file my_file-v3.cif (mmCIF, C-alpha atoms and all ligand atoms)
data_model
#
loop_
_atom_site.label_atom_id
_atom_site.label_comp_id
_atom_site.auth_asym_id
_atom_site.auth_seq_id
_atom_site.Cartn_x
_atom_site.Cartn_y
_atom_site.Cartn_z
CA MET A 1 -46.83 -21.58 23.18
CA SER A 2 -45.63 -18.07 23.89
CA ALA A 3 -42.09 -17.00 23.09
CA ARG A 4 -39.34 -18.20 25.41
CA VAL A 5 -36.02 -16.67 26.39
CA ALA A 6 -33.46 -17.79 23.83
CA LYS A 7 -30.31 -15.85 24.72
CA VAL A 8 -28.90 -13.86 27.67
CA GLU A 9 -25.77 -11.77 27.10
CA ALA A 10 -23.79 -9.40 29.35
CA PHE A 11 -21.68 -6.43 28.25
CA SER A 12 -19.67 -3.65 29.82
CA ILE A 13 -19.32 -0.09 28.61
CA THR A 14 -16.62 2.41 29.61
CA ILE A 15 -17.23 6.14 29.22
CA PRO A 16 -14.52 8.78 29.70
CA ARG A 17 -15.34 11.72 32.01
CA GLU A 18 -14.06 15.27 31.77
CA GLU A 19 -14.06 15.60 35.55
CA VAL A 20 -14.14 12.63 37.93
CA TYR A 21 -17.31 11.89 39.90
CA LEU A 22 -17.78 14.14 42.97
CA GLY A 23 -15.31 16.69 41.59
CA ALA A 24 -11.59 16.96 40.90
CA LEU A 25 -9.10 14.72 42.73
CA ARG A 26 -7.92 16.26 46.00
CA PRO A 27 -4.43 16.08 47.54
CA GLY A 28 -3.54 12.47 48.34
CA GLU A 29 -6.14 11.04 45.94
CA VAL A 30 -4.21 9.22 43.19
CA ALA A 31 -5.60 6.87 40.54
CA ASN A 32 -3.89 3.47 40.28
CA ALA A 33 -3.04 1.56 37.09
CA ARG A 34 -6.63 0.27 36.85
CA GLY A 35 -8.03 3.79 37.04
CA TYR A 36 -9.30 3.44 40.62
CA PHE A 37 -8.77 5.91 43.44
CA VAL A 38 -10.11 6.19 47.00
CA ARG A 39 -11.89 9.33 48.14
CA SER A 40 -10.21 10.50 51.34
CA GLY A 41 -13.54 11.69 52.80
CA ASN A 42 -15.84 8.66 52.58
CA ARG A 43 -12.95 6.17 51.97
CA THR A 44 -14.84 4.79 48.96
CA VAL A 45 -13.26 3.61 45.69
CA TYR A 46 -14.24 5.26 42.40
CA PRO A 47 -12.90 4.93 38.84
CA VAL A 48 -11.67 7.97 36.89
CA TYR A 49 -14.18 7.11 34.13
CA ASP A 50 -17.82 5.94 34.11
CA ARG A 51 -18.63 2.33 33.53
CA SER A 52 -21.75 0.18 33.46
CA VAL A 53 -22.89 -3.39 32.83
CA LEU A 54 -25.73 -4.19 30.42
CA VAL A 55 -27.77 -7.29 29.78
CA ARG A 56 -29.49 -8.15 26.51
CA ILE A 57 -32.18 -10.83 26.54
CA GLU A 58 -33.62 -12.11 23.28
CA THR A 59 -36.65 -14.37 22.87
CA THR A 60 -37.27 -17.20 20.44
CA ASP A 61 -39.31 -14.86 18.25
CA GLY A 62 -36.66 -12.13 18.21
CA ALA A 63 -37.99 -9.67 20.82
CA VAL A 64 -35.21 -7.95 22.77
CA GLY A 65 -35.15 -6.53 26.29
CA TRP A 66 -32.33 -4.58 27.95
CA GLY A 67 -31.23 -4.43 31.57
CA GLU A 68 -28.39 -2.64 33.35
CA THR A 69 -26.65 -2.85 36.68
CA TYR A 70 -24.05 -1.05 38.67
CA GLY A 71 -20.69 -1.60 36.99
CA ILE A 72 -18.37 1.20 38.05
CA VAL A 73 -16.00 -1.17 39.87
CA ALA A 74 -15.10 -4.75 38.86
CA PRO A 75 -17.76 -5.01 36.11
CA GLY A 76 -16.43 -8.48 35.25
CA ALA A 77 -18.01 -9.81 38.46
CA PRO A 78 -21.70 -9.28 37.58
CA MET A 79 -20.95 -10.14 33.93
CA ALA A 80 -19.53 -13.53 34.96
CA ILE A 81 -22.50 -14.22 37.26
CA ILE A 82 -24.90 -13.43 34.41
CA GLU A 83 -23.08 -15.37 31.70
CA ASP A 84 -22.06 -18.39 33.77
CA LEU A 85 -24.89 -18.78 36.27
CA LEU A 86 -28.07 -16.75 35.82
CA GLY A 87 -28.36 -16.66 32.05
CA PRO A 88 -28.51 -20.42 31.44
CA PHE A 89 -31.31 -20.70 34.04
CA VAL A 90 -33.31 -17.97 32.29
CA VAL A 91 -33.04 -19.51 28.83
CA GLY A 92 -36.24 -21.42 28.08
CA ARG A 93 -38.32 -19.42 30.58
CA ASP A 94 -41.38 -17.33 29.75
CA PRO A 95 -40.29 -13.65 29.73
CA LEU A 96 -43.68 -12.70 31.23
CA ASP A 97 -42.67 -14.49 34.46
CA ALA A 98 -40.22 -11.81 35.67
CA VAL A 99 -41.13 -11.97 39.38
CA VAL A 100 -41.23 -15.78 39.43
CA ILE A 101 -37.85 -15.96 37.70
CA HIS A 102 -36.45 -13.39 40.15
CA GLU A 103 -37.62 -15.50 43.09
CA ASP A 104 -36.14 -18.68 41.60
CA LEU A 105 -32.76 -17.06 40.89
CA TYR A 106 -32.66 -15.47 44.35
CA ASP A 107 -33.42 -18.83 45.96
CA MET A 108 -30.54 -20.57 44.15
CA MET A 109 -27.86 -18.81 46.24
CA ARG A 110 -29.62 -17.55 49.38
CA VAL A 111 -28.46 -20.28 51.80
CA ARG A 112 -24.87 -19.57 50.78
CA GLY A 113 -25.31 -16.00 51.92
CA TYR A 114 -25.45 -14.42 48.47
CA THR A 115 -28.34 -12.19 49.45
CA GLY A 116 -26.71 -8.95 48.34
CA GLY A 117 -23.66 -7.57 46.56
CA TYR A 118 -22.68 -8.53 43.06
CA TYR A 119 -25.02 -11.52 42.93
CA LEU A 120 -28.05 -9.31 43.34
CA ASP A 121 -26.60 -6.64 41.05
CA ALA A 122 -26.41 -9.30 38.33
CA LEU A 123 -29.94 -10.42 39.19
CA ALA A 124 -31.14 -6.79 38.99
CA ALA A 125 -29.87 -6.46 35.42
CA VAL A 126 -31.58 -9.69 34.36
CA ASP A 127 -34.79 -8.64 36.14
CA ILE A 128 -34.88 -5.23 34.42
CA ALA A 129 -34.33 -6.86 31.01
CA LEU A 130 -37.19 -9.32 31.63
CA TRP A 131 -39.55 -6.51 32.67
CA ASP A 132 -38.50 -4.54 29.57
CA LEU A 133 -39.28 -7.59 27.45
CA ALA A 134 -42.64 -8.07 29.16
CA GLY A 135 -43.58 -4.47 28.34
CA ARG A 136 -42.46 -4.81 24.74
CA ILE A 137 -44.42 -8.04 24.32
CA ALA A 138 -47.50 -6.41 25.85
CA GLY A 139 -46.96 -3.18 23.92
CA LEU A 140 -47.20 -1.22 27.18
CA PRO A 141 -44.90 1.03 29.22
CA LEU A 142 -43.43 -0.71 32.27
CA ALA A 143 -45.40 1.60 34.60
CA LYS A 144 -48.65 0.10 33.26
CA LEU A 145 -47.42 -3.41 34.11
CA LEU A 146 -46.56 -2.24 37.64
CA GLY A 147 -50.12 -1.24 38.40
CA GLY A 148 -50.64 1.87 36.31
CA GLN A 149 -49.01 5.08 35.21
CA ARG A 150 -49.90 7.97 37.53
CA ARG A 151 -47.91 10.58 35.61
CA ASN A 152 -45.44 11.11 32.83
CA GLU A 153 -43.42 13.77 34.66
CA ILE A 154 -41.53 13.39 37.95
CA PRO A 155 -39.98 16.25 39.97
CA ALA A 156 -36.17 16.03 39.96
CA TYR A 157 -33.67 17.27 42.51
CA VAL A 158 -30.19 18.38 41.55
CA SER A 159 -27.71 16.07 43.25
CA GLY A 160 -24.25 17.19 44.27
CA LEU A 161 -22.72 20.63 44.04
CA PRO A 162 -19.13 19.54 43.22
CA LYS A 163 -17.34 22.89 43.45
CA PRO A 164 -14.32 23.71 45.62
CA THR A 165 -15.67 26.79 47.43
CA ARG A 166 -18.92 27.69 49.15
CA GLU A 167 -19.44 30.63 46.82
CA ALA A 168 -18.94 28.41 43.77
CA ARG A 169 -21.37 25.81 45.14
CA VAL A 170 -24.04 28.46 45.71
CA ASP A 171 -23.45 29.86 42.20
CA PHE A 172 -23.65 26.36 40.73
CA ALA A 173 -26.95 25.65 42.50
CA ARG A 174 -28.30 29.01 41.35
CA SER A 175 -27.41 28.14 37.76
CA TRP A 176 -29.74 25.13 38.07
CA LYS A 177 -32.40 27.23 39.78
CA ASP A 178 -32.25 29.50 36.72
CA LYS A 179 -33.02 26.41 34.62
CA GLY A 180 -36.19 25.71 36.62
CA PHE A 181 -34.94 23.36 39.35
CA ASP A 182 -35.82 24.16 42.96
CA ALA A 183 -34.58 21.11 44.89
CA PHE A 184 -30.92 20.43 45.69
CA LYS A 185 -28.63 18.14 47.62
CA VAL A 186 -25.12 18.95 48.78
CA ALA A 187 -22.58 16.28 49.75
CA ALA A 188 -21.13 16.81 53.23
CA PRO A 189 -17.67 15.33 52.41
CA MET A 190 -17.19 18.04 49.80
CA LEU A 191 -17.56 20.79 52.38
CA VAL A 192 -14.86 22.67 54.21
CA GLY A 193 -15.85 24.55 57.33
CA ASP A 194 -19.08 24.75 59.30
CA ILE A 195 -21.83 22.57 57.84
CA GLY A 196 -24.59 24.78 59.27
CA GLU A 197 -23.08 27.86 57.61
CA GLU A 198 -23.01 25.95 54.31
CA ILE A 199 -26.75 25.35 54.45
CA ALA A 200 -27.29 28.95 55.53
CA ALA A 201 -25.33 30.17 52.47
CA LEU A 202 -27.32 27.90 50.14
CA ARG A 203 -30.57 29.09 51.72
CA ALA A 204 -29.56 32.71 51.25
CA GLY A 205 -28.60 32.06 47.64
CA LEU A 206 -31.56 29.88 46.66
CA GLY A 207 -34.38 31.55 48.57
CA PRO A 208 -37.10 30.28 50.91
CA SER A 209 -38.86 27.98 48.43
CA ALA A 210 -35.85 25.82 47.60
CA ARG A 211 -35.64 22.30 48.99
CA ILE A 212 -32.11 21.74 50.33
CA ALA A 213 -30.97 18.29 51.41
CA VAL A 214 -27.61 17.01 52.60
CA ASP A 215 -25.90 13.70 51.85
CA MET A 216 -23.78 12.87 54.90
CA HIS A 217 -22.07 9.94 53.13
CA TRP A 218 -22.15 7.55 56.13
CA GLU A 219 -19.33 9.51 57.78
CA TYR A 220 -20.74 10.44 61.19
CA SER A 221 -21.25 8.81 64.55
CA ALA A 222 -24.87 8.91 65.66
CA ALA A 223 -24.14 11.67 68.20
CA GLY A 224 -22.07 13.60 65.67
CA ALA A 225 -24.81 13.32 63.06
CA VAL A 226 -27.42 14.67 65.48
CA ARG A 227 -25.15 17.65 66.28
CA ALA A 228 -24.51 18.32 62.57
CA ILE A 229 -28.21 18.09 61.70
CA ASP A 230 -29.04 20.41 64.61
CA ALA A 231 -26.64 22.94 63.07
CA MET A 232 -28.26 22.66 59.63
CA ALA A 233 -31.93 22.37 60.62
CA PRO A 234 -32.49 26.06 61.49
CA HIS A 235 -31.80 26.94 57.85
CA GLY A 236 -34.48 24.59 56.52
CA LEU A 237 -33.25 21.11 55.67
CA TRP A 238 -35.38 18.89 53.41
CA PHE A 239 -33.71 15.65 54.51
CA ALA A 240 -30.42 14.32 55.85
CA GLU A 241 -29.14 11.28 53.95
CA ALA A 242 -26.93 8.42 55.10
CA PRO A 243 -25.78 9.98 58.39
CA VAL A 244 -24.06 6.87 59.83
CA ALA A 245 -22.27 3.75 58.59
CA PRO A 246 -24.47 1.46 56.46
CA GLU A 247 -24.25 -1.35 59.05
CA ASP A 248 -25.19 0.91 61.98
CA VAL A 249 -28.94 0.34 62.21
CA ASP A 250 -28.95 1.28 65.91
CA GLY A 251 -27.19 4.54 65.10
CA LEU A 252 -29.60 5.31 62.27
CA ALA A 253 -32.53 4.73 64.62
CA THR A 254 -30.95 7.04 67.20
CA VAL A 255 -30.45 9.78 64.61
CA ALA A 256 -34.00 9.37 63.28
CA ALA A 257 -35.41 9.63 66.82
CA LYS A 258 -33.41 12.73 67.78
CA ALA A 259 -33.03 14.72 64.55
CA ARG A 260 -35.61 17.33 63.65
CA VAL A 261 -35.52 16.57 59.92
CA PRO A 262 -36.42 13.46 57.88
CA ILE A 263 -33.66 10.84 57.61
CA ALA A 264 -33.08 9.26 54.20
CA ALA A 265 -31.20 6.04 53.41
CA GLY A 266 -31.20 3.08 51.08
CA GLU A 267 -29.03 3.63 48.03
CA GLU A 268 -26.83 0.65 48.96
CA TRP A 269 -29.68 -1.78 49.67
CA ARG A 270 -30.67 -4.56 47.29
CA THR A 271 -33.70 -6.16 48.93
CA VAL A 272 -36.82 -5.37 50.92
CA PHE A 273 -35.22 -7.19 53.86
CA GLU A 274 -32.65 -4.41 54.24
CA ALA A 275 -35.44 -1.83 54.03
CA ARG A 276 -37.58 -3.76 56.50
CA ALA A 277 -34.79 -3.90 59.11
CA ARG A 278 -34.68 -0.07 59.14
CA ILE A 279 -38.38 0.66 58.64
CA ASP A 280 -39.41 -1.65 61.49
CA ARG A 281 -37.00 0.25 63.78
CA GLN A 282 -38.38 3.61 62.62
CA ALA A 283 -34.79 4.37 61.61
CA VAL A 284 -35.63 5.94 58.26
CA THR A 285 -38.36 8.20 56.89
CA ILE A 286 -37.36 8.52 53.21
CA LEU A 287 -36.23 5.44 51.28
CA GLN A 288 -33.82 5.80 48.38
CA PRO A 289 -33.73 2.51 46.45
CA GLU A 290 -31.29 2.32 43.55
CA MET A 291 -32.79 0.48 40.57
CA GLY A 292 -29.32 -0.58 39.43
CA HIS A 293 -28.99 -2.62 42.63
CA THR A 294 -32.60 -3.71 43.23
CA GLY A 295 -34.01 -4.39 39.80
CA VAL A 296 -37.70 -3.74 39.25
CA THR A 297 -38.96 -6.59 41.41
CA GLU A 298 -37.17 -5.64 44.64
CA PHE A 299 -37.62 -1.91 43.96
CA MET A 300 -41.38 -2.41 43.97
CA ARG A 301 -41.26 -4.62 47.07
CA ILE A 302 -39.37 -1.88 48.91
CA ALA A 303 -41.75 0.79 47.62
CA ARG A 304 -44.86 -1.13 48.66
CA TYR A 305 -43.43 -1.92 52.10
CA ALA A 306 -42.66 1.79 52.52
CA GLU A 307 -46.14 2.71 51.37
CA ALA A 308 -47.67 0.39 53.97
CA HIS A 309 -45.72 2.37 56.59
CA HIS A 310 -46.70 5.78 55.16
CA LEU A 311 -43.11 6.52 54.15
CA GLU A 312 -41.80 8.26 51.04
CA ILE A 313 -39.62 6.86 48.27
CA ILE A 314 -37.14 9.23 46.62
CA PRO A 315 -35.14 6.95 44.31
CA HIS A 316 -31.39 7.17 44.02
CA ALA A 317 -29.71 7.80 40.66
CA THR A 318 -26.25 6.41 40.07
CA ILE A 319 -23.83 6.09 37.18
CA GLY A 320 -25.25 4.26 34.16
CA ILE A 321 -26.10 4.86 30.52
CA GLY A 322 -29.80 5.37 31.28
CA ILE A 323 -31.32 1.89 31.12
CA PHE A 324 -31.80 1.38 34.86
CA LEU A 325 -32.66 5.05 35.24
CA ALA A 326 -35.51 4.61 32.75
CA ALA A 327 -36.67 1.59 34.76
CA SER A 328 -36.52 3.70 37.93
CA LEU A 329 -38.60 6.46 36.35
CA GLN A 330 -41.16 3.93 35.10
CA ALA A 331 -41.47 2.41 38.58
CA THR A 332 -41.63 5.86 40.19
CA ALA A 333 -44.39 6.87 37.77
CA ALA A 334 -46.49 4.00 39.14
CA LEU A 335 -46.10 5.03 42.81
CA ARG A 336 -48.10 7.53 44.83
CA ASN A 337 -45.50 7.76 47.60
CA ALA A 338 -42.59 8.91 45.39
CA PRO A 339 -42.62 12.73 45.21
CA PHE A 340 -39.14 13.24 43.71
CA HIS A 341 -36.34 11.40 41.91
CA GLU A 342 -32.62 12.16 42.16
CA PHE A 343 -31.03 13.85 39.13
CA GLN A 344 -27.31 13.40 38.44
CA HIS A 345 -26.47 16.50 36.42
CA SER A 346 -22.91 15.33 35.68
CA ILE A 347 -24.13 12.08 34.09
CA PHE A 348 -27.65 12.43 32.73
CA GLY A 349 -27.23 14.89 29.88
CA ALA A 350 -23.84 13.61 28.79
CA ASN A 351 -25.12 10.03 28.59
CA LEU A 352 -28.33 10.72 26.67
CA ARG A 353 -26.35 9.97 23.51
CA PHE A 354 -26.16 6.34 24.66
CA ILE A 355 -29.91 5.74 24.60
CA ASP A 356 -32.71 5.99 22.08
CA GLY A 357 -36.02 7.21 23.47
CA ASP A 358 -37.58 10.41 24.76
CA MET A 359 -36.28 10.30 28.36
CA ARG A 360 -35.48 13.88 29.36
CA CYS A 361 -34.93 16.06 32.43
CA ALA A 362 -35.62 19.78 32.11
CA ALA A 363 -37.14 22.64 34.10
CA GLY A 364 -37.01 20.59 37.29
CA ARG A 365 -38.84 17.55 35.96
CA TYR A 366 -38.06 14.21 34.40
CA HIS A 367 -40.10 13.17 31.42
CA VAL A 368 -40.86 9.46 31.80
CA PRO A 369 -39.93 7.80 28.50
CA GLY A 370 -42.91 6.75 26.39
CA GLY A 371 -43.27 3.61 24.34
CA PRO A 372 -43.33 -0.02 25.41
CA GLY A 373 -41.15 -1.53 28.15
CA LEU A 374 -38.58 0.85 29.60
CA GLY A 375 -39.18 3.26 26.72
CA VAL A 376 -35.44 3.40 26.02
CA ALA A 377 -32.81 1.15 24.44
CA PRO A 378 -29.06 1.50 23.85
CA SER A 379 -28.26 3.78 20.93
CA ALA A 380 -26.08 2.83 17.97
CA GLU A 381 -23.22 4.72 19.68
CA ALA A 382 -23.65 2.66 22.86
CA LEU A 383 -23.85 -0.59 20.91
CA ARG A 384 -20.50 0.24 19.28
CA LEU A 385 -18.90 0.65 22.72
CA LEU A 386 -20.25 -2.54 24.33
CA LYS A 387 -17.68 -5.16 25.23
CA SER A 388 -18.64 -8.76 25.95
MG MG B 401 -26.01 9.35 48.51
#
call {"tool": "encode", "arguments": {"input": "my_file-v3.cif", "output": "structure tokens"}}
result
Amino acid sequence: MSARVAKVEAFSITIPREEVYLGALRPGEVANARGYFVRSGNRTVYPVYDRSVLVRIETTDGAVGWGETYGIVAPGAPMAIIEDLLGPFVVGRDPLDAVVIHEDLYDMMRVRGYTGGYYLDALAAVDIALWDLAGRIAGLPLAKLLGGQRRNEIPAYVSGLPKPTREARVDFARSWKDKGFDAFKVAAPMLVGDIGEEIAALRAGLGPSARIAVDMHWEYSAAGAVRAIDAMAPHGLWFAEAPVAPEDVDGLATVAAKARVPIAAGEEWRTVFEARARIDRQAVTILQPEMGHTGVTEFMRIARYAEAHHLEIIPHATIGIGIFLAASLQATAALRNAPFHEFQHSIFGANLRFIDGDMRCAAGRYHVPGGPGLGVAPSAEALRLLKS
């Protein structure tokens, strides 16, 4: 009999930041006793530090796989779901049955309405760890298990230009252009003044070849988003991301029908059903699944559904130590409809110390980590910081 899952453990890790995510706190933005504050622009809560949740799965013969999920707020929630509920149902299973186990765990809570949120975040971490294990048992990179590895490098776009003035944002983007990057995304809530002039300034500073996208952070009405995109489009806009509220599928469809640039969405989704609801309405042209929310199994379902509709995948990259990012790069390397991957400059380099493996991002390209499974594992420094 092949090895079985023997142990499932969840951990959190907290990492101090020099500057908070999306740039320094602005007037009225105050951290509470738990280290949380609300951004006045997108009204979203962030912590003043980085935090993540990891899962370690060990088999009866001692093989180990690692998973990770989104843990920046209330990390105890997915940890409790993993330790109390999911883990005991995974013990005894064959680690090569990742998709089957995912389906079984999803089914356990679906009629209660737990088809998203923390339940699926916890499931994503378990799913990634099982896929990592499967690759390690097979002695193959995850991309090979997902159908084949098309490439070991993936173009990266620089995400966020968190500087207080337009001039500083252009200079910051140029500093990355000097390092070999030629694709950028600016966050609309960070801007003061005319959004069209912002794109014009970036275009002037970065030249005609640069790809320039905008993340609209779900802040606009459909009509307002169309007007804003109309102001930006003349300066060459790669895509406009998250123009309207996440729940506003009608609004997203309206924007996609009227705007002259591709509309991107999907970082908050956890299943193909959320993708399907937008794709079937022609409300989105670029899908941005976040591996930390979807896990490998749902990420690939979303990617294949997009592929069947001739749509592109440009995966999201959020705050983590690099485990789910490695999974995202492995999955992206297996896809023909994924031309770019997001690159979080404020997180990636600083957190490389938390993983072992050859995952890198330089000169505008990610290097997909080699070796079996995800190709990365928590470093000794990360292991010291894990809290159960
Ligand atoms: Mg975004």
call {"tool": "residues_near_ligand", "arguments": {"input": "my_file-v3.cif", "ligand": "ligand MG 401 (chain B)", "cutoff": "8 Å", "atoms": "all atoms listed in the file", "output": "PyMOL selection string"}}
result
chain A and resi 187+215-217+241-242+265+267+316
call {"tool": "residues_around", "arguments": {"input": "my_file-v3.cif", "residues": "His310 in chain A", "least_positions_apart": "4", "cutoff": "10 Å", "atoms": "all atoms listed in the file", "output": "list in words"}}
result
Thr285, Ile286, Arg304, Tyr305, Ala306 and Asn337 of chain A
call {"tool": "closest_residue", "arguments": {"input": "my_file-v3.cif", "among": "A:Val170, A:Leu54, A:Ile101, A:Ala210", "to": "Gly67 in chain A", "atoms": "only C-alpha atoms"}}
result
A:Leu54
call {"tool": "residues_around", "arguments": {"input": "my_file-v3.cif", "residues": "range 163-165 of chain A", "least_positions_apart": "5", "cutoff": "9 Å", "atoms": "only C-alpha atoms", "output": "PDB file with C-alpha atoms, keeping the file's coordinate frame"}}
result
ATOM      1  CA  LEU A  22     -17.780  14.140  42.970  1.00  0.00           C
ATOM      2  CA  GLY A  23     -15.310  16.690  41.590  1.00  0.00           C
ATOM      3  CA  ALA A  24     -11.590  16.960  40.900  1.00  0.00           C
ATOM      4  CA  VAL A 170     -24.040  28.460  45.710  1.00  0.00           C
ATOM      5  CA  PHE A 172     -23.650  26.360  40.730  1.00  0.00           C
ATOM      6  CA  MET A 190     -17.190  18.040  49.800  1.00  0.00           C
ATOM      7  CA  LEU A 191     -17.560  20.790  52.380  1.00  0.00           C
ATOM      8  CA  VAL A 192     -14.860  22.670  54.210  1.00  0.00           C
TER       9      VAL A 192
END
call {"tool": "closest_residue", "arguments": {"input": "my_file-v3.cif", "among": "A:Arg166, A:His341, A:Arg211, A:Arg51", "to": "Leu329 in chain A", "atoms": "only C-alpha atoms"}}
result
A:His341
call {"tool": "closest_residue", "arguments": {"input": "my_file-v3.cif", "among": "A:Ala308, A:Val186, A:Ile347, A:Ile82", "to": "Ile279 in chain A", "atoms": "all atoms listed in the file"}}
result
A:Ala308
call {"tool": "residues_near_point", "arguments": {"input": "my_file-v3.cif", "point": "(-45.4, -5.3, 29.4)", "cutoff": "12 Å", "atoms": "only C-alpha atoms", "output": "ChimeraX atom specification"}}
result
/A:65,95-98,128-148,330,371-375
call {"tool": "closest_residue", "arguments": {"input": "my_file-v3.cif", "among": "A:Ser328, A:Thr297, A:Ser379, A:Gln344", "to": "Trp176 in chain A", "atoms": "only C-alpha atoms"}}
result
A:Gln344
call {"tool": "atom_distance", "arguments": {"input": "my_file-v3.cif", "atom1": "CA of Leu352 in chain A", "atom2": "CA of Gly370 in chain A"}}
result
15.1 Å
call {"tool": "closest_residue", "arguments": {"input": "my_file-v3.cif", "among": "A:Ala331, A:Val90, A:Ile314, A:Ile319", "to": "Ile13 in chain A", "atoms": "all atoms listed in the file"}}
result
A:Ile319
call {"tool": "residues_around", "arguments": {"input": "my_file-v3.cif", "residues": "Arg151 in chain A", "least_positions_apart": "4", "cutoff": "9 Å", "atoms": "all atoms listed in the file", "output": "short mmCIF file (atom, residue, chain, number, x, y, z; two decimals) with C-alpha atoms, in the coordinates of the input"}}
result
data_model
loop_
_atom_site.label_atom_id
_atom_site.label_comp_id
_atom_site.auth_asym_id
_atom_site.auth_seq_id
_atom_site.Cartn_x
_atom_site.Cartn_y
_atom_site.Cartn_z
CA ALA A 333 -44.39 6.87 37.77
CA ALA A 334 -46.49 4.00 39.14
CA VAL A 368 -40.86 9.46 31.80
#
call {"tool": "residues_around", "arguments": {"input": "my_file-v3.cif", "residues": "Gly266 in chain A", "least_positions_apart": "3", "cutoff": "10 Å", "atoms": "all atoms listed in the file", "output": "list in words"}}
result
Glu241, Ala242, Pro246, Trp269, Arg270, Thr271, Glu274, Ala275, Arg278, Val284, Ile286, Leu287, Gln288, Pro289, Glu290, Ile302, Ile313, Ile314, Pro315 and His316 of chain A
call {"tool": "write_last_selection", "arguments": {"input": "my_file-v3.cif", "atoms": "C-alpha atoms", "output": "mmCIF file, in the coordinates of the input"}}
result
data_model
loop_
_atom_site.group_PDB
_atom_site.id
_atom_site.type_symbol
_atom_site.label_atom_id
_atom_site.label_comp_id
_atom_site.auth_asym_id
_atom_site.auth_seq_id
_atom_site.Cartn_x
_atom_site.Cartn_y
_atom_site.Cartn_z
ATOM 1 C CA GLU A 241 -29.140 11.280 53.950
ATOM 2 C CA ALA A 242 -26.930 8.420 55.100
ATOM 3 C CA PRO A 246 -24.470 1.460 56.460
ATOM 4 C CA TRP A 269 -29.680 -1.780 49.670
ATOM 5 C CA ARG A 270 -30.670 -4.560 47.290
ATOM 6 C CA THR A 271 -33.700 -6.160 48.930
ATOM 7 C CA GLU A 274 -32.650 -4.410 54.240
ATOM 8 C CA ALA A 275 -35.440 -1.830 54.030
ATOM 9 C CA ARG A 278 -34.680 -0.070 59.140
ATOM 10 C CA VAL A 284 -35.630 5.940 58.260
ATOM 11 C CA ILE A 286 -37.360 8.520 53.210
ATOM 12 C CA LEU A 287 -36.230 5.440 51.280
ATOM 13 C CA GLN A 288 -33.820 5.800 48.380
ATOM 14 C CA PRO A 289 -33.730 2.510 46.450
ATOM 15 C CA GLU A 290 -31.290 2.320 43.550
ATOM 16 C CA ILE A 302 -39.370 -1.880 48.910
ATOM 17 C CA ILE A 313 -39.620 6.860 48.270
ATOM 18 C CA ILE A 314 -37.140 9.230 46.620
ATOM 19 C CA PRO A 315 -35.140 6.950 44.310
ATOM 20 C CA HIS A 316 -31.390 7.170 44.020
#
call {"tool": "residues_around", "arguments": {"input": "my_file-v3.cif", "residues": "Ala317 in chain A", "least_positions_apart": "4", "cutoff": "12 Å", "atoms": "all atoms listed in the file", "output": "MDAnalysis selection string"}}
result
chainID A and resid 69:70 156:160 266:268 288:293 321:329 340:348
